[in-house]
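Chemist: What follows is protein.cif; its format and atoms are mmCIF, C-alpha atoms.
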data_model
#
loop_
_atom_site.group_PDB
_atom_site.id
_atom_site.type_symbol
_atom_site.label_atom_id
_atom_site.label_comp_id
_atom_site.auth_asym_id
_atom_site.auth_seq_id
_atom_site.Cartn_x
_atom_site.Cartn_y
_atom_site.Cartn_z
ATOM 1 C CA MET A 114 48.554 0.413 -19.533
ATOM 2 C CA ARG A 115 50.631 -1.015 -16.684
ATOM 3 C CA GLY A 116 47.892 -0.201 -14.212
ATOM 4 C CA TYR A 117 45.273 -1.772 -16.446
ATOM 5 C CA ARG A 118 47.324 -4.943 -16.865
ATOM 6 C CA GLY A 119 47.803 -5.158 -13.099
ATOM 7 C CA ILE A 120 44.035 -4.922 -12.533
ATOM 8 C CA LYS A 121 43.314 -7.414 -15.305
ATOM 9 C CA TYR A 122 45.726 -10.135 -14.258
ATOM 10 C CA THR A 123 45.109 -9.711 -10.513
ATOM 11 C CA LEU A 124 41.403 -10.303 -11.092
ATOM 12 C CA PHE A 125 42.203 -13.246 -13.357
ATOM 13 C CA ILE A 126 44.465 -14.864 -10.721
ATOM 14 C CA PHE A 127 41.818 -14.497 -7.988
ATOM 15 C CA CYS A 128 39.080 -15.922 -10.195
ATOM 16 C CA TYR A 129 41.321 -18.723 -11.470
ATOM 17 C CA PHE A 130 42.192 -19.810 -7.919
ATOM 18 C CA PHE A 131 38.533 -20.063 -6.894
ATOM 19 C CA TRP A 132 37.713 -21.671 -10.244
ATOM 20 C CA VAL A 133 40.185 -24.490 -9.480
ATOM 21 C CA VAL A 134 38.795 -24.827 -5.932
ATOM 22 C CA SER A 135 35.245 -25.080 -7.298
ATOM 23 C CA ALA A 136 36.328 -27.769 -9.772
ATOM 24 C CA VAL A 137 37.840 -29.778 -6.900
ATOM 25 C CA LEU A 138 34.610 -29.429 -4.884
ATOM 26 C CA ILE A 139 32.550 -30.678 -7.827
ATOM 27 C CA ALA A 140 34.899 -33.630 -8.383
ATOM 28 C CA VAL A 141 34.792 -34.633 -4.708
ATOM 29 C CA GLY A 142 31.001 -34.288 -4.619
ATOM 30 C CA ILE A 143 30.524 -36.383 -7.771
ATOM 31 C CA TYR A 144 32.917 -39.052 -6.475
ATOM 32 C CA ALA A 145 31.037 -39.223 -3.166
ATOM 33 C CA LYS A 146 27.720 -39.353 -5.000
ATOM 34 C CA VAL A 147 28.804 -42.176 -7.307
ATOM 35 C CA ALA A 148 30.312 -44.164 -4.416
ATOM 36 C CA LYS A 149 27.006 -44.181 -2.525
ATOM 37 C CA GLU A 150 24.520 -46.981 -2.499
ATOM 38 C CA LYS A 151 21.925 -46.614 -5.273
ATOM 39 C CA ASP A 152 18.953 -47.011 -2.926
ATOM 40 C CA VAL A 153 19.888 -43.978 -0.805
ATOM 41 C CA VAL A 154 17.325 -41.194 -1.014
ATOM 42 C CA ASP A 155 19.235 -37.903 -1.030
ATOM 43 C CA THR A 156 18.000 -34.541 0.215
ATOM 44 C CA LEU A 157 19.877 -31.302 -0.289
ATOM 45 C CA THR A 158 19.703 -30.161 3.345
ATOM 46 C CA VAL A 159 21.544 -33.129 4.857
ATOM 47 C CA ASP A 160 23.536 -34.586 1.972
ATOM 48 C CA PRO A 161 27.181 -33.395 1.950
ATOM 49 C CA ALA A 162 27.740 -34.706 -1.605
ATOM 50 C CA LEU A 163 24.867 -32.715 -3.071
ATOM 51 C CA LEU A 164 25.919 -29.616 -1.146
ATOM 52 C CA LEU A 165 29.465 -29.897 -2.511
ATOM 53 C CA ILE A 166 28.183 -30.281 -6.069
ATOM 54 C CA LEU A 167 25.773 -27.330 -5.726
ATOM 55 C CA VAL A 168 28.255 -24.950 -4.089
ATOM 56 C CA GLY A 169 31.031 -26.034 -6.461
ATOM 57 C CA SER A 170 28.814 -25.544 -9.528
ATOM 58 C CA LEU A 171 27.797 -22.027 -8.466
ATOM 59 C CA MET A 172 31.418 -21.095 -7.751
ATOM 60 C CA PHE A 173 32.515 -22.617 -11.055
ATOM 61 C CA LEU A 174 29.999 -20.573 -13.035
ATOM 62 C CA ILE A 175 30.736 -17.289 -11.269
ATOM 63 C CA THR A 176 34.516 -17.601 -11.370
ATOM 64 C CA PHE A 177 34.455 -18.772 -15.004
ATOM 65 C CA LEU A 178 32.668 -15.543 -15.948
ATOM 66 C CA GLY A 179 35.323 -13.583 -14.059
ATOM 67 C CA CYS A 180 38.261 -15.500 -15.590
ATOM 68 C CA PHE A 181 37.046 -15.360 -19.187
ATOM 69 C CA GLY A 182 35.777 -11.791 -18.905
ATOM 70 C CA ALA A 183 39.036 -10.513 -17.420
ATOM 71 C CA LEU A 184 41.209 -12.370 -19.918
ATOM 72 C CA ARG A 185 39.190 -11.426 -23.011
ATOM 73 C CA ASN A 186 38.259 -7.882 -21.888
ATOM 74 C CA ALA A 187 34.580 -8.809 -22.292
ATOM 75 C CA THR A 188 32.571 -6.098 -20.534
ATOM 76 C CA CYS A 189 29.342 -8.125 -20.768
ATOM 77 C CA LEU A 190 30.844 -11.060 -18.860
ATOM 78 C CA LEU A 191 32.561 -8.755 -16.373
ATOM 79 C CA LYS A 192 29.303 -6.911 -15.675
ATOM 80 C CA THR A 193 27.501 -10.243 -15.200
ATOM 81 C CA PHE A 194 30.271 -11.432 -12.859
ATOM 82 C CA LEU A 195 30.120 -8.151 -10.938
ATOM 83 C CA GLY A 196 26.321 -8.299 -10.651
ATOM 84 C CA ILE A 197 26.214 -11.918 -9.416
ATOM 85 C CA LEU A 198 29.033 -11.287 -6.930
ATOM 86 C CA ALA A 199 27.237 -8.184 -5.636
ATOM 87 C CA VAL A 200 24.036 -10.195 -5.127
ATOM 88 C CA VAL A 201 25.969 -12.929 -3.273
ATOM 89 C CA PHE A 202 27.657 -10.285 -1.117
ATOM 90 C CA LEU A 203 24.332 -8.646 -0.218
ATOM 91 C CA LEU A 204 22.766 -12.040 0.548
ATOM 92 C CA GLN A 205 25.630 -12.846 2.926
ATOM 93 C CA ILE A 206 25.195 -9.508 4.704
ATOM 94 C CA ALA A 207 21.432 -10.037 4.897
ATOM 95 C CA ALA A 208 21.859 -13.600 6.221
ATOM 96 C CA GLY A 209 24.222 -12.373 8.926
ATOM 97 C CA ALA A 210 21.828 -9.593 9.929
ATOM 98 C CA VAL A 211 18.831 -11.941 9.997
ATOM 99 C CA GLY A 212 20.811 -14.504 11.977
ATOM 100 C CA TYR A 213 21.767 -11.847 14.528
ATOM 101 C CA VAL A 214 18.263 -10.399 14.865
ATOM 102 C CA PHE A 215 16.403 -13.719 14.833
ATOM 103 C CA THR A 216 18.913 -15.776 16.801
ATOM 104 C CA ASP A 217 16.275 -17.944 18.482
ATOM 105 C CA MET A 218 14.614 -18.837 15.192
ATOM 106 C CA VAL A 219 17.969 -19.681 13.594
ATOM 107 C CA MET A 220 18.885 -21.883 16.549
ATOM 108 C CA GLU A 221 15.539 -23.669 16.342
ATOM 109 C CA ARG A 222 15.957 -24.324 12.617
ATOM 110 C CA THR A 223 19.528 -25.515 13.154
ATOM 111 C CA GLU A 224 18.391 -27.907 15.870
ATOM 112 C CA LYS A 225 15.690 -29.357 13.605
ATOM 113 C CA LEU A 226 18.219 -29.795 10.804
ATOM 114 C CA MET A 227 20.650 -31.597 13.111
ATOM 115 C CA LEU A 228 17.876 -33.875 14.405
ATOM 116 C CA LYS A 229 16.953 -34.663 10.815
ATOM 117 C CA ALA A 230 20.559 -35.616 10.190
ATOM 118 C CA ILE A 231 20.460 -37.980 13.188
ATOM 119 C CA VAL A 232 17.328 -39.640 11.798
ATOM 120 C CA ARG A 233 19.146 -40.358 8.505
ATOM 121 C CA TYR A 234 22.426 -41.390 10.166
ATOM 122 C CA ARG A 235 22.563 -44.953 8.821
ATOM 123 C CA GLU A 236 20.992 -44.088 5.455
ATOM 124 C CA ASP A 237 23.847 -41.964 4.078
ATOM 125 C CA ARG A 238 27.504 -42.937 4.503
ATOM 126 C CA ASP A 239 28.758 -39.385 3.891
ATOM 127 C CA LEU A 240 26.364 -37.995 6.467
ATOM 128 C CA GLU A 241 27.346 -40.748 8.894
ATOM 129 C CA ASN A 242 31.032 -39.878 8.525
ATOM 130 C CA ALA A 243 30.289 -36.171 8.954
ATOM 131 C CA ILE A 244 28.327 -36.743 12.184
ATOM 132 C CA ASP A 245 31.014 -39.058 13.555
ATOM 133 C CA TYR A 246 33.670 -36.440 12.784
ATOM 134 C CA ILE A 247 31.698 -33.692 14.555
ATOM 135 C CA GLN A 248 31.060 -35.836 17.628
ATOM 136 C CA LYS A 249 34.732 -36.798 17.860
ATOM 137 C CA LYS A 250 35.976 -33.269 17.170
ATOM 138 C CA PHE A 251 33.743 -31.514 19.699
ATOM 139 C CA GLN A 252 33.491 -34.453 22.131
ATOM 140 C CA CYS A 253 29.711 -34.413 22.105
ATOM 141 C CA CYS A 254 26.803 -36.760 21.464
ATOM 142 C CA GLY A 255 23.461 -35.955 19.861
ATOM 143 C CA VAL A 256 22.009 -32.477 19.425
ATOM 144 C CA GLU A 257 21.019 -31.527 22.979
ATOM 145 C CA GLY A 258 22.209 -34.735 24.618
ATOM 146 C CA TYR A 259 23.073 -38.376 24.075
ATOM 147 C CA LYS A 260 19.430 -39.504 24.355
ATOM 148 C CA ASP A 261 18.621 -37.684 21.108
ATOM 149 C CA TRP A 262 19.794 -40.839 19.367
ATOM 150 C CA SER A 263 16.428 -42.433 20.177
ATOM 151 C CA ASN A 264 15.168 -40.473 17.154
ATOM 152 C CA ASN A 265 17.113 -42.877 14.964
ATOM 153 C CA VAL A 266 15.382 -46.146 14.136
ATOM 154 C CA TYR A 267 18.508 -48.206 14.870
ATOM 155 C CA PHE A 268 19.227 -46.586 18.247
ATOM 156 C CA GLU A 269 15.620 -46.094 19.368
ATOM 157 C CA CYS A 270 15.281 -47.106 22.986
ATOM 158 C CA SER A 271 12.116 -49.213 23.060
ATOM 159 C CA THR A 272 11.240 -52.808 23.784
ATOM 160 C CA ASN A 273 9.893 -53.236 20.248
ATOM 161 C CA ASN A 274 13.170 -52.309 18.583
ATOM 162 C CA PRO A 275 14.896 -55.500 17.297
ATOM 163 C CA SER A 276 18.139 -53.699 16.454
ATOM 164 C CA LEU A 277 21.307 -54.765 18.253
ATOM 165 C CA GLU A 278 22.086 -51.050 18.701
ATOM 166 C CA ALA A 279 18.792 -50.321 20.479
ATOM 167 C CA CYS A 280 19.225 -47.890 23.405
ATOM 168 C CA GLY A 281 22.789 -47.276 22.286
ATOM 169 C CA VAL A 282 24.785 -44.443 20.733
ATOM 170 C CA PRO A 283 27.355 -44.406 17.896
ATOM 171 C CA PHE A 284 30.946 -45.298 18.741
ATOM 172 C CA SER A 285 31.940 -41.675 17.994
ATOM 173 C CA CYS A 286 30.257 -40.687 21.276
ATOM 174 C CA CYS A 287 32.584 -42.915 23.290
ATOM 175 C CA LYS A 288 35.531 -41.758 25.351
ATOM 176 C CA HIS A 289 38.705 -43.561 24.315
ATOM 177 C CA LEU A 290 41.824 -44.141 26.357
ATOM 178 C CA LYS A 291 44.996 -42.385 25.257
ATOM 179 C CA ASN A 292 46.877 -45.635 24.681
ATOM 180 C CA GLN A 293 43.915 -47.442 23.129
ATOM 181 C CA THR A 294 44.910 -48.853 19.716
ATOM 182 C CA VAL A 295 41.923 -51.098 18.905
ATOM 183 C CA LEU A 296 38.634 -49.266 18.291
ATOM 184 C CA ASN A 297 35.658 -50.788 20.107
ATOM 185 C CA THR A 298 32.651 -50.017 17.894
ATOM 186 C CA MET A 299 30.278 -51.537 20.475
ATOM 187 C CA CYS A 300 31.281 -49.174 23.282
ATOM 188 C CA GLY A 301 28.047 -47.185 23.027
ATOM 189 C CA TYR A 302 25.660 -50.138 23.339
ATOM 190 C CA GLY A 303 22.917 -49.629 25.959
ATOM 191 C CA MET A 304 24.203 -46.199 27.051
ATOM 192 C CA GLN A 305 20.803 -44.513 26.728
ATOM 193 C CA GLN A 306 19.564 -46.677 29.578
ATOM 194 C CA GLU A 307 22.189 -45.129 31.849
ATOM 195 C CA GLU A 308 21.643 -41.864 33.693
ATOM 196 C CA GLU A 309 23.815 -38.934 32.710
ATOM 197 C CA GLY A 310 26.138 -39.258 35.707
ATOM 198 C CA PRO A 311 27.171 -42.899 35.210
ATOM 199 C CA ALA A 312 27.126 -42.528 31.417
ATOM 200 C CA LYS A 313 29.747 -39.757 31.549
ATOM 201 C CA ALA A 314 32.341 -42.330 32.510
ATOM 202 C CA ASP A 315 32.097 -43.988 29.080
ATOM 203 C CA ILE A 316 30.585 -41.502 26.612
ATOM 204 C CA PHE A 317 30.237 -37.794 25.979
ATOM 205 C CA THR A 318 26.803 -36.737 27.160
ATOM 206 C CA ASP A 319 26.778 -33.053 26.154
ATOM 207 C CA GLY A 320 24.925 -32.071 22.992
ATOM 208 C CA CYS A 321 26.816 -31.003 19.874
ATOM 209 C CA LEU A 322 24.754 -27.851 19.320
ATOM 210 C CA ASP A 323 25.939 -26.226 22.545
ATOM 211 C CA LYS A 324 29.498 -27.434 21.987
ATOM 212 C CA ILE A 325 29.625 -25.914 18.487
ATOM 213 C CA ILE A 326 28.228 -22.614 19.799
ATOM 214 C CA MET A 327 30.799 -22.559 22.606
ATOM 215 C CA TRP A 328 33.576 -23.271 20.103
ATOM 216 C CA ALA A 329 32.380 -20.385 17.918
ATOM 217 C CA ILE A 330 32.294 -18.044 20.946
ATOM 218 C CA ASN A 331 35.748 -19.117 22.133
ATOM 219 C CA ASN A 332 37.124 -18.706 18.608
ATOM 220 C CA LEU A 333 35.176 -15.548 17.855
ATOM 221 C CA ARG A 334 38.223 -13.736 16.498
ATOM 222 C CA LEU A 335 39.019 -16.575 14.120
ATOM 223 C CA VAL A 336 35.420 -16.870 12.897
ATOM 224 C CA ALA A 337 35.072 -13.081 12.555
ATOM 225 C CA GLY A 338 38.444 -12.850 10.810
ATOM 226 C CA LEU A 339 37.543 -15.524 8.263
ATOM 227 C CA THR A 340 34.146 -13.943 7.624
ATOM 228 C CA VAL A 341 35.531 -10.431 7.224
ATOM 229 C CA GLY A 342 38.389 -11.752 5.086
ATOM 230 C CA LEU A 343 35.944 -13.472 2.725
ATOM 231 C CA LEU A 344 33.794 -10.345 2.463
ATOM 232 C CA LEU A 345 36.835 -8.136 1.823
ATOM 233 C CA LEU A 346 38.033 -10.523 -0.868
ATOM 234 C CA GLU A 347 34.649 -10.315 -2.556
ATOM 235 C CA VAL A 348 34.746 -6.499 -2.324
ATOM 236 C CA CYS A 349 38.258 -6.529 -3.799
ATOM 237 C CA MET A 350 37.151 -8.721 -6.716
ATOM 238 C CA MET A 351 34.114 -6.509 -7.353
ATOM 239 C CA THR A 352 36.335 -3.409 -7.272
ATOM 240 C CA LEU A 353 38.791 -4.952 -9.737
ATOM 241 C CA ALA A 354 35.982 -6.004 -12.069
ATOM 242 C CA GLY A 355 34.405 -2.547 -11.906
ATOM 243 C CA ALA A 356 37.779 -0.860 -12.527
ATOM 244 C CA GLN A 357 38.469 -3.068 -15.549
ATOM 245 C CA VAL A 358 35.009 -2.380 -17.002
ATOM 246 C CA ALA A 359 35.475 1.372 -16.501
ATOM 247 C CA TRP A 360 38.903 1.245 -18.136
ATOM 248 C CA ILE A 361 37.645 -0.736 -21.142
ATOM 249 C CA GLN A 362 34.711 1.646 -21.612
ATOM 250 C CA LYS A 363 37.055 4.625 -21.365
ATOM 251 C CA VAL A 364 39.311 3.196 -24.081
ATOM 252 C CA GLN A 365 36.280 2.380 -26.238
ATOM 253 C CA ARG A 366 34.968 5.943 -25.883
ATOM 254 C CA ARG A 367 38.321 7.385 -26.877
ATOM 255 C CA GLN A 368 38.490 5.051 -29.859
ATOM 256 C CA LYS A 369 34.988 6.072 -30.941
ATOM 257 C CA GLU A 370 35.845 9.759 -30.593
ATOM 258 C CA SER A 371 39.011 9.191 -32.629
ATOM 259 C CA ASP A 372 37.026 7.350 -35.321
ATOM 260 C CA VAL A 373 34.470 10.188 -35.454
ATOM 261 C CA ARG A 374 37.213 12.790 -35.829
ATOM 262 C CA GLY A 375 38.837 10.681 -38.541
ATOM 263 C CA ARG A 376 35.577 10.405 -40.474
ATOM 264 C CA GLU A 377 34.971 14.162 -40.182
ATOM 265 C CA GLU A 378 38.464 14.907 -41.451
ATOM 266 C CA ARG A 379 37.965 12.557 -44.407
ATOM 267 C CA LYS A 380 34.675 14.267 -45.217
ATOM 268 C CA GLU A 381 36.322 17.673 -45.105
ATOM 269 C CA ARG A 382 39.092 16.486 -47.448
ATOM 270 C CA LEU A 383 36.441 15.080 -49.793
ATOM 271 C CA TRP A 384 34.302 18.256 -49.943
ATOM 272 C CA PHE A 385 37.132 20.809 -49.784
ATOM 273 C CA PRO A 386 40.084 19.251 -51.612
ATOM 274 C CA ALA A 387 41.711 22.618 -52.287
ATOM 275 C CA PHE A 388 41.876 23.462 -48.602
ATOM 276 C CA ALA A 389 43.095 19.936 -47.863
ATOM 277 C CA ASP A 390 45.936 20.344 -50.349
ATOM 278 C CA PHE A 391 46.724 23.692 -48.832
ATOM 279 C CA ASP A 392 46.897 22.160 -45.386
ATOM 280 C CA ASP A 393 49.230 19.473 -46.689
ATOM 281 C CA GLU A 394 51.591 22.093 -48.081
#
Using the file provided, produce a representation of the structure as structure tokens.

Modeler:
Amino acid sequence: MRGYRGIKYTLFIFCYFFWVVSAVLIAVGIYAKVAKEKDVVDTLTVDPALLLILVGSLMFLITFLGCFGALRNATCLLKTFLGILAVVFLLQIAAGAVGYVFTDMVMERTEKLMLKAIVRYREDRDLENAIDYIQKKFQCCGVEGYKDWSNNVYFECSTNNPSLEACGVPFSCCKHLKNQTVLNTMCGYGMQQEEEGPAKADIFTDGCLDKIIMWAINNLRLVAGLTVGLLLLEVCMMTLAGAQVAWIQKVQRRQKESDVRGREERKERLWFPAFADFDDE
């Protein structure tokens, strides 16, 4: 029983941890969603709030099945948890294989998604903050270059654009001095009219897509370690769930066999009382 209790409570602790994390993700996503302007049209592909709510809800459901099933020894819930986790695991493996084989297609889709995010930059505050964070973190601007910001209606570089930010880039593209304490949000104005050479003095001109890829290559061990660690954790949780199910079924089989033997013995005592009394003596 010690081994069974170790399996049971280890699985429960793992599931409970991710259950709490999923609840936090849902809370953050709902808060971000409520704080938005009501006239914002949200789409799942470029809305961080909706993504947090979706991912958090899926995690919440899966880990709840694992927590309740492990705690209550419910084989039905444990089998459902094991099946869903196995499907998620296989989908992750398949996505990695497809991404490796069809690298060009994945890169093309990623580029289109990032351009779509640029188009909606001013329409979603969460998306705006996410893009600004990426551009500051990776010291980049746009997808392939700083002139990608012409795809946004506010930064479009044309004579018919009445926006004050026309032909400009967001302030997150700007290079800031080390001792600079006051943020100049107008530092990117008119930068699309500059050639790449002169523009490099004031803003980052490299695209974010290449910068993110270079970061992933330079931190390949970290990325691979996190990916393998997540997959191993999922395998560990599936193994624990399978072991608990097998143990419960084993105990149930033994209990059924014991009940059958008990019923047979009672029948024998009923039909052959003399022999039963003899056995008692």

Chemist: So the first atom is atom CA of A:Leu335 and the second is atom CA of A:Phe127; what is the distance between them in Å, to one decimal place?

Modeler: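 Separating atom CA of A:Leu335 from atom CA of A:Phe127 is a distance of 22.4 Å.
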
Chemist: Produce a table with one row for each residue of stretch 170-289 of chain A that has an atom at most 8 Å from any atom of stretch 299-307 of chain A, each row naming the nearest atom pair and its distance in Å at one decimal; use all atoms listed in the file; arrange rows by chain and rising residue number; format as a Markdown table.

Modeler:
| residue | atom | partner | partner_atom | distance |
| --- | --- | --- | --- | --- |
| A:Tyr259 | CA | A:Gln305 | CA | 7.1 |
| A:Lys260 | CA | A:Gln305 | CA | 5.7 |
| A:Cys270 | CA | A:Gln305 | CA | 7.2 |
| A:Glu278 | CA | A:Tyr302 | CA | 5.9 |
| A:Ala279 | CA | A:Gly303 | CA | 6.9 |
| A:Cys280 | CA | A:Gly303 | CA | 4.8 |
| A:Gly281 | CA | A:Tyr302 | CA | 4.2 |
| A:Val282 | CA | A:Gly301 | CA | 4.8 |
| A:Pro283 | CA | A:Gly301 | CA | 5.9 |
| A:Phe284 | CA | A:Gly301 | CA | 5.5 |
| A:Cys286 | CA | A:Gly301 | CA | 7.1 |
| A:Cys287 | CA | A:Gly301 | CA | 6.2 |

Chemist: Restricting it to C-alpha atoms, dump the selection as a CSV table (one decimal), in the coordinates of the input.

Modeler:
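Ended up saving to out.csv:
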chain,number,residue,atom,x,y,z
A,259,TYR,CA,23.1,-38.4,24.1
A,260,LYS,CA,19.4,-39.5,24.4
A,270,CYS,CA,15.3,-47.1,23.0
A,278,GLU,CA,22.1,-51.0,18.7
A,279,ALA,CA,18.8,-50.3,20.5
A,280,CYS,CA,19.2,-47.9,23.4
A,281,GLY,CA,22.8,-47.3,22.3
A,282,VAL,CA,24.8,-44.4,20.7
A,283,PRO,CA,27.4,-44.4,17.9
A,284,PHE,CA,30.9,-45.3,18.7
A,286,CYS,CA,30.3,-40.7,21.3
A,287,CYS,CA,32.6,-42.9,23.3

Chemist: Excluding stretch 343-355 of chain A and its own-chain neighbours fewer than 3 positions away, which residues fall within 6 Å of it when counting only C-alpha atoms? Please give them as a ChimeraX atom specification.

Modeler: /A:120,195,340,358

Chemist: From the set A:Pro161, A:Gly212, A:Gly320, A:Gly342, which residue has the shortest atom-to-atom contact distance to A:Gln252, counting only C-alpha atoms?

Modeler: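 Once distances to A:Gln252 are computed over only C-alpha atoms, the minimum belongs to A:Gly320.
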
Chemist: Please measure the separation of atom CA of A:Lys363 and atom CA of A:Leu190, giving the value in Å to one decimal.

Modeler: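 Here the two named atoms are 17.1 Å from each other.
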
Chemist: Near A:Ile244, counting all atoms listed in the file, which residues have an atom at most 10 Å away, once you skip same-chain residues fewer than 2 positions from it, shown as a PyMOL selection string?

Modeler: chain A and resi 227+230-231+234+238-242+246-250+254-255+283+285+321

Chemist: In terms of the shortest atom-to-atom distance over all atoms listed in the file, which of A:Asp245, A:Asp237, A:Asp160, A:Glu370 is closest to A:Thr298?

Modeler: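 Using all atoms listed in the file, A:Thr298 sits closest to A:Asp245.
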
Chemist: Give me the residues within 6 Å of A:Trp132 as a ChimeraX atom specification, counting all atoms listed in the file and dropping any in the same chain fewer than 4 places off.

Modeler: /A:128,173,176

Chemist: Residues picked by the PyMOL selection byres ((chain A and resi 167-171) around 8) here, as a ChimeraX atom specification?

Modeler: /A:134-139,163-166,172-175

Chemist: Can you report as lines of an AutoDock Vina configuration file the centre and edge lengths in Å, to one decimal, of an axis-aligned box around the listed atoms of stretch 211-225 of chain A padded with 6 Å on each side?

Modeler:
center_x = 18.2
center_y = -19.9
center_z = 14.2
size_x = 19.2
size_y = 31.0
size_z = 20.5

Chemist: Which residues would end up in the selection if the PyMOL selection byres ((chain A and resi 361) around 12) were applied here, given that I need the answer as a ChimeraX atom specification?

Modeler: /A:114,117-118,120-121,182-183,185-189,191-192,354-360,362-368

Chemist: Would you mind reading off the distance between atom CA of A:Ser271 and atom CA of A:Cys253, one decimal, in Å?

Modeler: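 Those two atoms sit 23.0 Å apart.
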